[in-house]
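Everything below concerns the one structure shown next.
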Amino acid sequence: MKRCIMHLDMDAFFASVEQLDHPEWKGKPVIVGGSGDRSVVCAASYEARKFGVHSAMPIVQARKLCPNGIYADISRGRYVEISRKVMSVLYSYSPVIEQASIDEAFIDATGAGHLFGSPLEMAQGMKQKIFDTVGLTCSIGIAPVKFLAKIASDYNKPNGLFAIYEEDVSTFLQELPVRKIPGVGKKFVEKLDELGVSTCGHVLEYSLEFWERRFGKSGIALWERANGIDERAVETSIEAKSESAETTLHKDTLDKVLLKKWLMRHADRVGQNQRKHGLKGRTITLKVKYSDFQSLTRSKTLPDPTNTTDVIYQVAADLLDAIDLVKPVRLIGLGLSNYNNTGLEQLNMLDHMQHRCTGVVRATKKQQQIDEALDAVRNKFGNKVICRGSLFGFTDE
């Protein structure tokens, strides 16, 4: 049975949701990300993209390109609500769904022809059902493997549908630019340019041994993609690898007391979400971005995994204390990674003394009880009804 993989990508998702909720914005350039001078574009409607606006662009630059655009704040809860409805539609077609992000997913449609017709007919049915359910359009790519399905979904956008059949893979790849292959970044493309390699056809002019010798695992992966090889299956469950939170400040600052307030807020958010999903990590990473956009990170790995807010905060605060801030800070954040969720942890009866003697931070029973109490209240009444004492009166301003 021939493999059939589909990749669904919602069209300008955040901006499209805003236009859906504000019909008067339909057909107008909508930029999502906020209106503040220090905000960054999260999404731009197709009308805004005509002006050169794109995601990750500073709002200040977007305003210069599109001064008459509509600048909307992020409605995270609304996007999640719509995303869940879209994924529910996909599950009505196949039980093998891999949600790659809030607005895209892979679908294994192998063998579904006897239920929904040809792959094109199945994809058309999905697109129509999604539009009927949430009022938004999407684009779908169809191919025998995942990376080609993702490439195909970008063709004919918005509201596109494009299929690459197995017998056409070699011809399609011959002229495909290597920069179109997912995972081939800007720096890799620059190195390939030096070799005169710009298409998958050019890649095949060299042997697998050449690519492995030149670029190692990345070279092998490039050669495989140029040959249409991608053995990855559609995974119904993707294990989380990390979680982070960060904030661009309203004003650059050298005030470590203020920066630590933000670290506590981020630790509170990350810790709460980790506990909700039963996850724990061993590595805490501090991220600082200076006013000139230079970034630095510092990490510490603990002997035991944790999801305790105070532990996450204390490690990040210690990392911040060890930094000599040479310039004002514009962004502060932290992350938790290096998960170990086997449920096996080292027992320690002398946490406080060990922290004093070795600097190792471990959660106390009292800290865990505080987390449990806060989580219970927030789960019942919402996150805004209660906060930690150290954050009392603290605002985003």
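Identifiers in this document derive from the order of the structure tokens: chains are assigned A, B, ..., residues are numbered from 1 separately in each chain, and ligands are numbered from 1 in order of occurrence.
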
- Which of segment 30-155 of chain A DSSP labels strand (DSSP E), written as a list in words: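 Secondary structure check on segment 30-155 of chain A, strand (DSSP E): Val30, Ile31, Val32, Ala43, Ala44, Ile70, Tyr71, Ala72, Ile97, Glu98, Gln99, Ala100, Ser101, Glu104, Ala105, Phe106, Ile107, Asp108, Cys138, Ser139, Ile140, Gly141, Ile142 and Ala143 of chain A.
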
Residue selection dump (C-alpha atoms) as a CSV table (one decimal), in the first residue's frame:
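That gives us out-v8.csv:
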```
chain,number,residue,atom,x,y,z
A,30,VAL,CA,-4.0,43.0,9.9
A,31,ILE,CA,-0.8,42.6,11.9
A,32,VAL,CA,-0.9,40.5,15.1
A,43,ALA,CA,1.4,37.0,12.1
A,44,ALA,CA,0.4,39.1,9.2
A,70,ILE,CA,-4.6,47.3,11.8
A,71,TYR,CA,-2.4,46.2,14.8
A,72,ALA,CA,-4.0,43.7,17.0
A,97,ILE,CA,-2.5,12.9,13.5
A,98,GLU,CA,0.7,14.7,14.5
A,99,GLN,CA,0.0,18.3,15.5
A,100,ALA,CA,3.2,20.2,14.6
A,101,SER,CA,2.1,23.5,16.0
A,104,GLU,CA,-0.4,22.9,11.4
A,105,ALA,CA,-0.5,19.1,11.4
A,106,PHE,CA,0.5,16.0,9.6
A,107,ILE,CA,-2.1,13.4,8.7
A,108,ASP,CA,-1.4,9.8,7.8
A,138,CYS,CA,-6.4,26.1,5.1
A,139,SER,CA,-3.8,24.7,2.6
A,140,ILE,CA,-3.0,21.0,2.3
A,141,GLY,CA,-0.1,19.3,0.7
A,142,ILE,CA,-0.1,15.6,-0.2
A,143,ALA,CA,3.0,13.4,-0.8
```

- Message: List the spatial neighbours of Gly271 of chain A as a VMD selection string - criterion: any atom at most 12 Å away, only C-alpha atoms, same-chain residues fewer than 2 positions off excluded.
- Response: chain A and resid 242 to 245 263 to 269 273 to 281 284 305 to 313 334 to 337 367 to 368 370 to 372 374 to 375

- Query: Which residues, written as a PyMOL selection string, have at least one atom at most 9 Å from Leu208 of chain A, with only C-alpha atoms counted and residues fewer than 3 positions away on the same chain left out?
  - Reply: chain A and resi 204+211-213+219-220+223-224

- Considering only C-alpha atoms, state which residue in the set A:Leu258, A:Val145, A:Phe162, A:Met6 is at the smallest distance from Tyr93 of chain A.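 Ranking A:Leu258, A:Val145, A:Phe162, A:Met6 by distance to Tyr93 of chain A, first place goes to A:Met6.
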